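For reference, run_14.pdb is printed below; it contains PDB, C-alpha atoms.
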ATOM      1  CA  ASN A   2     -36.658  38.702   5.911  1.00  0.00           C
ATOM      2  CA  THR A   3     -33.357  39.271   4.055  1.00  0.00           C
ATOM      3  CA  MET A   4     -31.947  41.107   7.085  1.00  0.00           C
ATOM      4  CA  LEU A   5     -32.146  37.866   9.091  1.00  0.00           C
ATOM      5  CA  ILE A   6     -30.373  35.587   6.596  1.00  0.00           C
ATOM      6  CA  GLY A   7     -26.850  36.971   7.180  1.00  0.00           C
ATOM      7  CA  PRO A   8     -26.905  36.776  11.011  1.00  0.00           C
ATOM      8  CA  VAL A   9     -28.450  33.288  10.952  1.00  0.00           C
ATOM      9  CA  ARG A  10     -25.726  32.039   8.574  1.00  0.00           C
ATOM     10  CA  ARG A  11     -23.016  33.583  10.780  1.00  0.00           C
ATOM     11  CA  LEU A  12     -24.567  31.918  13.840  1.00  0.00           C
ATOM     12  CA  GLY A  13     -24.470  28.570  12.006  1.00  0.00           C
ATOM     13  CA  ARG A  14     -20.787  29.053  11.177  1.00  0.00           C
ATOM     14  CA  ILE A  15     -20.003  29.998  14.789  1.00  0.00           C
ATOM     15  CA  ILE A  16     -21.735  26.864  16.091  1.00  0.00           C
ATOM     16  CA  SER A  17     -19.818  24.742  13.577  1.00  0.00           C
ATOM     17  CA  GLU A  18     -16.485  26.314  14.579  1.00  0.00           C
ATOM     18  CA  MET A  19     -17.273  25.830  18.280  1.00  0.00           C
ATOM     19  CA  SER A  20     -17.905  22.141  17.635  1.00  0.00           C
ATOM     20  CA  LYS A  21     -14.517  21.825  15.874  1.00  0.00           C
ATOM     21  CA  ALA A  22     -12.833  23.711  18.726  1.00  0.00           C
ATOM     22  CA  GLY A  23     -14.332  21.276  21.250  1.00  0.00           C
ATOM     23  CA  VAL A  24     -12.885  18.288  19.399  1.00  0.00           C
ATOM     24  CA  SER A  25      -9.493  20.039  19.195  1.00  0.00           C
ATOM     25  CA  ILE A  26      -9.503  20.789  22.916  1.00  0.00           C
ATOM     26  CA  ASP A  27     -10.321  17.148  23.695  1.00  0.00           C
ATOM     27  CA  ARG A  28      -7.414  15.997  21.516  1.00  0.00           C
ATOM     28  CA  LEU A  29      -5.043  18.488  23.174  1.00  0.00           C
ATOM     29  CA  GLY A  30      -6.088  17.073  26.533  1.00  0.00           C
ATOM     30  CA  GLU A  31      -5.258  13.553  25.355  1.00  0.00           C
ATOM     31  CA  VAL A  32      -1.814  14.659  24.189  1.00  0.00           C
ATOM     32  CA  LEU A  33      -1.035  16.605  27.360  1.00  0.00           C
ATOM     33  CA  GLU A  34      -2.154  13.726  29.601  1.00  0.00           C
ATOM     34  CA  ALA A  35      -0.266  11.041  27.649  1.00  0.00           C
ATOM     35  CA  GLU A  36       2.611   9.317  29.382  1.00  0.00           C
ATOM     36  CA  THR A  37       6.085  10.544  28.462  1.00  0.00           C
ATOM     37  CA  GLU A  38       7.789   8.173  26.055  1.00  0.00           C
ATOM     38  CA  GLN A  39      10.623   6.238  27.665  1.00  0.00           C
ATOM     39  CA  ASP A  40      13.539   4.540  25.921  1.00  0.00           C
ATOM     40  CA  ALA A  41      14.614   1.061  26.992  1.00  0.00           C
ATOM     41  CA  PRO A  42      17.172   1.288  29.843  1.00  0.00           C
ATOM     42  CA  ASN A  43      19.890  -0.194  27.629  1.00  0.00           C
ATOM     43  CA  ALA A  44      18.967   1.818  24.500  1.00  0.00           C
ATOM     44  CA  ALA A  45      22.002   2.378  22.289  1.00  0.00           C
ATOM     45  CA  GLU A  46      22.603   3.906  18.883  1.00  0.00           C
ATOM     46  CA  ALA A  47      23.373   1.490  16.059  1.00  0.00           C
ATOM     47  CA  PRO A  48      24.149   2.071  12.361  1.00  0.00           C
ATOM     48  CA  MET A  49      20.978   3.040  10.495  1.00  0.00           C
ATOM     49  CA  ASP A  50      22.329   2.436   6.966  1.00  0.00           C
ATOM     50  CA  LYS A  51      21.953  -1.358   7.117  1.00  0.00           C
ATOM     51  CA  ASP A  52      19.232  -3.842   6.100  1.00  0.00           C
ATOM     52  CA  ILE A  53      15.724  -3.011   7.351  1.00  0.00           C
ATOM     53  CA  ALA A  54      13.620  -6.009   8.356  1.00  0.00           C
ATOM     54  CA  PHE A  55       9.995  -6.253   9.449  1.00  0.00           C
ATOM     55  CA  GLU A  56       9.675  -9.633  11.155  1.00  0.00           C
ATOM     56  CA  ASN A  57       6.134 -10.966  11.667  1.00  0.00           C
ATOM     57  CA  VAL A  58       4.854  -7.476  12.453  1.00  0.00           C
ATOM     58  CA  SER A  59       1.215  -7.027  13.378  1.00  0.00           C
ATOM     59  CA  PHE A  60      -0.316  -3.722  14.431  1.00  0.00           C
ATOM     60  CA  HIS A  61      -3.632  -2.163  15.335  1.00  0.00           C
ATOM     61  CA  TYR A  62      -4.547   1.314  16.504  1.00  0.00           C
ATOM     62  CA  GLY A  63      -6.071   1.581  19.957  1.00  0.00           C
ATOM     63  CA  GLU A  64      -7.017  -1.138  22.405  1.00  0.00           C
ATOM     64  CA  ASP A  65      -9.666  -2.901  20.341  1.00  0.00           C
ATOM     65  CA  GLY A  66      -8.992  -1.689  16.808  1.00  0.00           C
ATOM     66  CA  PRO A  67      -8.855  -4.113  13.894  1.00  0.00           C
ATOM     67  CA  ASP A  68      -5.449  -5.263  12.661  1.00  0.00           C
ATOM     68  CA  VAL A  69      -4.038  -2.759  10.192  1.00  0.00           C
ATOM     69  CA  LEU A  70      -1.035  -5.004   9.569  1.00  0.00           C
ATOM     70  CA  GLU A  71      -1.096  -8.730  10.177  1.00  0.00           C
ATOM     71  CA  ASN A  72       2.052 -10.877  10.283  1.00  0.00           C
ATOM     72  CA  VAL A  73       3.993  -8.693   7.818  1.00  0.00           C
ATOM     73  CA  SER A  74       7.553  -9.744   7.005  1.00  0.00           C
ATOM     74  CA  PHE A  75       9.889  -8.203   4.463  1.00  0.00           C
ATOM     75  CA  SER A  76      13.436  -6.912   4.163  1.00  0.00           C
ATOM     76  CA  VAL A  77      14.985  -3.992   2.372  1.00  0.00           C
ATOM     77  CA  LEU A  78      18.628  -4.771   1.721  1.00  0.00           C
ATOM     78  CA  GLU A  79      21.297  -2.191   2.476  1.00  0.00           C
ATOM     79  CA  GLY A  80      21.966  -0.027  -0.553  1.00  0.00           C
ATOM     80  CA  SER A  81      19.087  -1.484  -2.532  1.00  0.00           C
ATOM     81  CA  TYR A  82      16.774   0.560  -4.682  1.00  0.00           C
ATOM     82  CA  THR A  83      13.109  -0.140  -4.218  1.00  0.00           C
ATOM     83  CA  ALA A  84      10.058   1.480  -5.847  1.00  0.00           C
ATOM     84  CA  LEU A  85      10.804   4.774  -7.611  1.00  0.00           C
ATOM     85  CA  ILE A  86      13.664   5.951  -5.403  1.00  0.00           C
ATOM     86  CA  ARG A  87      16.791   6.934  -7.323  1.00  0.00           C
ATOM     87  CA  ARG A  88      19.139   7.195  -4.372  1.00  0.00           C
ATOM     88  CA  LYS A  89      19.744   4.721  -1.580  1.00  0.00           C
ATOM     89  CA  GLY A  90      16.449   4.106   0.136  1.00  0.00           C
ATOM     90  CA  PHE A  91      13.124   2.505  -0.446  1.00  0.00           C
ATOM     91  CA  GLY A  92       9.579   3.486  -1.186  1.00  0.00           C
ATOM     92  CA  ILE A  93       6.339   1.855  -0.183  1.00  0.00           C
ATOM     93  CA  LEU A  94       3.601   1.667  -2.785  1.00  0.00           C
ATOM     94  CA  GLY A  95       0.041   0.485  -2.334  1.00  0.00           C
ATOM     95  CA  GLY A  96      -3.595   1.440  -2.486  1.00  0.00           C
ATOM     96  CA  THR A  97      -5.436   3.623  -0.023  1.00  0.00           C
ATOM     97  CA  GLY A  98      -5.741   1.905   3.348  1.00  0.00           C
ATOM     98  CA  SER A  99      -3.151  -0.778   2.580  1.00  0.00           C
ATOM     99  CA  GLY A 100      -0.946   0.140   5.567  1.00  0.00           C
ATOM    100  CA  LYS A 101       1.790   2.279   3.964  1.00  0.00           C
ATOM    101  CA  SER A 102       1.545   5.077   6.526  1.00  0.00           C
ATOM    102  CA  SER A 103       1.305   2.591   9.382  1.00  0.00           C
ATOM    103  CA  LEU A 104       4.558   0.927   8.255  1.00  0.00           C
ATOM    104  CA  LEU A 105       6.317   4.288   8.290  1.00  0.00           C
ATOM    105  CA  LEU A 106       4.873   5.271  11.664  1.00  0.00           C
ATOM    106  CA  LEU A 107       6.207   1.991  13.043  1.00  0.00           C
ATOM    107  CA  LEU A 108       9.621   2.490  11.417  1.00  0.00           C
ATOM    108  CA  CYS A 109       9.835   5.974  12.978  1.00  0.00           C
ATOM    109  CA  ARG A 110       8.916   4.495  16.378  1.00  0.00           C
ATOM    110  CA  LEU A 111       5.842   6.701  16.625  1.00  0.00           C
ATOM    111  CA  TYR A 112       3.963   3.463  17.354  1.00  0.00           C
ATOM    112  CA  ALA A 113       5.178   0.054  18.473  1.00  0.00           C
ATOM    113  CA  PRO A 114       4.188  -3.196  16.772  1.00  0.00           C
ATOM    114  CA  THR A 115       1.467  -5.185  18.515  1.00  0.00           C
ATOM    115  CA  GLU A 116       3.533  -8.263  17.642  1.00  0.00           C
ATOM    116  CA  GLY A 117       6.859  -8.882  15.929  1.00  0.00           C
ATOM    117  CA  LYS A 118       9.821  -6.577  15.592  1.00  0.00           C
ATOM    118  CA  ILE A 119      11.512  -4.136  13.247  1.00  0.00           C
ATOM    119  CA  THR A 120      15.277  -4.262  12.932  1.00  0.00           C
ATOM    120  CA  VAL A 121      17.947  -2.216  11.202  1.00  0.00           C
ATOM    121  CA  GLY A 122      21.185  -4.128  10.739  1.00  0.00           C
ATOM    122  CA  GLY A 123      19.823  -6.842  13.016  1.00  0.00           C
ATOM    123  CA  VAL A 124      19.221  -4.418  15.914  1.00  0.00           C
ATOM    124  CA  ASP A 125      15.636  -4.006  17.107  1.00  0.00           C
ATOM    125  CA  ILE A 126      14.676  -0.333  16.794  1.00  0.00           C
ATOM    126  CA  ALA A 127      12.894  -0.686  20.169  1.00  0.00           C
ATOM    127  CA  ASP A 128      16.409  -1.029  21.637  1.00  0.00           C
ATOM    128  CA  MET A 129      17.546   2.284  20.118  1.00  0.00           C
ATOM    129  CA  PRO A 130      16.791   5.764  21.476  1.00  0.00           C
ATOM    130  CA  ALA A 131      13.590   7.065  19.829  1.00  0.00           C
ATOM    131  CA  ARG A 132      15.228  10.444  19.157  1.00  0.00           C
ATOM    132  CA  TYR A 133      18.090   8.737  17.302  1.00  0.00           C
ATOM    133  CA  VAL A 134      15.753   6.582  15.184  1.00  0.00           C
ATOM    134  CA  ARG A 135      13.651   9.609  14.212  1.00  0.00           C
ATOM    135  CA  GLU A 136      16.724  11.655  13.311  1.00  0.00           C
ATOM    136  CA  ASN A 137      17.774   8.917  10.887  1.00  0.00           C
ATOM    137  CA  VAL A 138      14.481   8.045   9.189  1.00  0.00           C
ATOM    138  CA  GLY A 139      13.150  10.391   6.523  1.00  0.00           C
ATOM    139  CA  VAL A 140       9.537  10.348   5.439  1.00  0.00           C
ATOM    140  CA  VAL A 141       8.109  11.871   2.268  1.00  0.00           C
ATOM    141  CA  LEU A 142       4.397  12.334   2.791  1.00  0.00           C
ATOM    142  CA  GLN A 143       1.763  11.541   0.194  1.00  0.00           C
ATOM    143  CA  GLU A 144       0.579  15.148   0.093  1.00  0.00           C
ATOM    144  CA  PRO A 145       3.407  17.505  -0.867  1.00  0.00           C
ATOM    145  CA  PHE A 146       3.619  20.802   0.954  1.00  0.00           C
ATOM    146  CA  LEU A 147       5.563  23.787  -0.300  1.00  0.00           C
ATOM    147  CA  PHE A 148       6.317  26.840   1.777  1.00  0.00           C
ATOM    148  CA  SER A 149       5.779  30.260   0.201  1.00  0.00           C
ATOM    149  CA  ARG A 150       9.420  30.486  -0.792  1.00  0.00           C
ATOM    150  CA  SER A 151      11.606  29.577  -3.753  1.00  0.00           C
ATOM    151  CA  VAL A 152      12.131  25.957  -4.805  1.00  0.00           C
ATOM    152  CA  GLN A 153      15.712  26.241  -3.524  1.00  0.00           C
ATOM    153  CA  GLU A 154      14.506  27.403  -0.103  1.00  0.00           C
ATOM    154  CA  ASN A 155      11.908  24.616   0.031  1.00  0.00           C
ATOM    155  CA  ILE A 156      14.507  21.939  -0.719  1.00  0.00           C
ATOM    156  CA  GLY A 157      17.044  23.427   1.700  1.00  0.00           C
ATOM    157  CA  ILE A 158      14.613  24.003   4.564  1.00  0.00           C
ATOM    158  CA  CYS A 159      16.571  21.631   6.822  1.00  0.00           C
ATOM    159  CA  GLY A 160      19.877  23.431   6.309  1.00  0.00           C
ATOM    160  CA  ALA A 161      21.179  21.574   3.254  1.00  0.00           C
ATOM    161  CA  SER A 162      24.214  22.950   1.463  1.00  0.00           C
ATOM    162  CA  ASP A 163      23.953  24.383  -2.070  1.00  0.00           C
ATOM    163  CA  ALA A 164      25.519  21.190  -3.466  1.00  0.00           C
ATOM    164  CA  GLU A 165      23.001  19.013  -1.596  1.00  0.00           C
ATOM    165  CA  ILE A 166      20.122  21.211  -2.807  1.00  0.00           C
ATOM    166  CA  ARG A 167      21.302  20.892  -6.423  1.00  0.00           C
ATOM    167  CA  ALA A 168      21.671  17.110  -6.101  1.00  0.00           C
ATOM    168  CA  ALA A 169      18.173  16.811  -4.598  1.00  0.00           C
ATOM    169  CA  ALA A 170      16.724  18.987  -7.368  1.00  0.00           C
ATOM    170  CA  VAL A 171      18.350  16.782 -10.042  1.00  0.00           C
ATOM    171  CA  THR A 172      17.023  13.642  -8.314  1.00  0.00           C
ATOM    172  CA  ALA A 173      13.512  15.154  -8.164  1.00  0.00           C
ATOM    173  CA  CYS A 174      13.763  16.356 -11.782  1.00  0.00           C
ATOM    174  CA  VAL A 175      13.085  20.007 -10.864  1.00  0.00           C
TER     175      VAL A 175
END
What do you get writing this file as structure tokens?
Amino acid sequence: NTMLIGPVRRLGRIISEMSKAGVSIDRLGEVLEAETEQDAPNAAEAPMDKDIAFENVSFHYGEDGPDVLENVSFSVLEGSYTALIRRKGFGILGGTGSGKSSLLLLLCRLYAPTEGKITVGGVDIADMPARYVRENVGVVLQEPFLFSRSVQENIGICGASDAEIRAAAVTACV
């Protein structure tokens, strides 16, 4: 009787892992079959250190999903300090499911608004190259992740200079 328990448990784990693998393969198929993102024909770079404005932005995931954001309008003025950010920039605070991540995904042009527009310095980000927008928008995720390295190496992972690493460490109080 006890000789059967181990193999049966292993079989259960294998079936569970196969189920997860199937879902992963389906998702990979979706990604590989997705249309290649195209910039607008007249896409041009514009200064990204200006006012950010969400103008009557609505958004939902998928074809028939419920609105995640509905008619959202706000501005973040150039050089202003919002939320708990100590350097130029802004932070978005809110409860779980309030749309914080969706706002950032829209600002990074990973999704497009269902309605409305997002501008930086009065220029619609849909009229800028996606690569350029993403190079100029930084996102700090809700769940921190540290690599198995020193704090200095974690801060400087993107090639920051020693002076920039020190300044970031002071800002983060580490």
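Interatomic distance, atom CA of A:Val171 against atom CA of A:Tyr133: 28.5 Å.
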Original post:
Which residues fall under the PyMOL selection byres ((chain A and resi 41) around 12) in this file, as a PyMOL selection string?
Top reply: chain A and resi 38-40+42-46+125-131
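All residues of protein, DNA or RNA that reach within 12 Å of A:Thr120, judged by only C-alpha atoms and not counting those fewer than 5 positions away in the chain, are Ala47, Pro48, Met49, Asp50, Lys51, Asp52, Ile53, Ala54, Phe55, Glu56, Asn57, Val58, Ser74, Phe75, Ser76, Val77, Leu78, Leu107, Leu108, Cys109, Arg110, Pro114, Asp125, Ile126, Ala127, Asp128, Met129 and Val134 of chain A.
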Enter the distance from atom CA of A:Pro67 to atom CA of A:Ile119, in Å, rounded to one decimal.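 Atom-to-atom, atom CA of A:Pro67 and atom CA of A:Ile119 are spaced 20.4 Å apart.
The result of the PyMOL selection byres ((chain A and resi 148-156) around 9) on the shown file is A:Phe146, A:Leu147, A:Gly157, A:Ile158, A:Cys159, A:Gly160, A:Ala161, A:Asp163, A:Ile166, A:Arg167, A:Ala169, A:Ala170, A:Val175.
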| query | What gap, in Å, lies between atom CA of A:Arg135 and atom CA of A:Leu111? | reply |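 We find that atom CA of A:Arg135 and atom CA of A:Leu111 lie 8.7 Å from each other.
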Restricting the calculation to all atoms listed in the file: of A:Val9, A:Val121, A:Ala113, A:Val24, which residue gets closest to A:Asn137?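 Ranking A:Val9, A:Val121, A:Ala113, A:Val24 by distance to A:Asn137, first place goes to A:Val121.
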Per-axis box centre and lengths in Å around stretch 8-17 of chain A, 6 Å margin per side, axis-aligned, as AutoDock Vina command-line options:
--center_x -24.1 --center_y 30.8 --center_z 12.3 --size_x 20.6 --size_y 24.0 --size_z 19.5
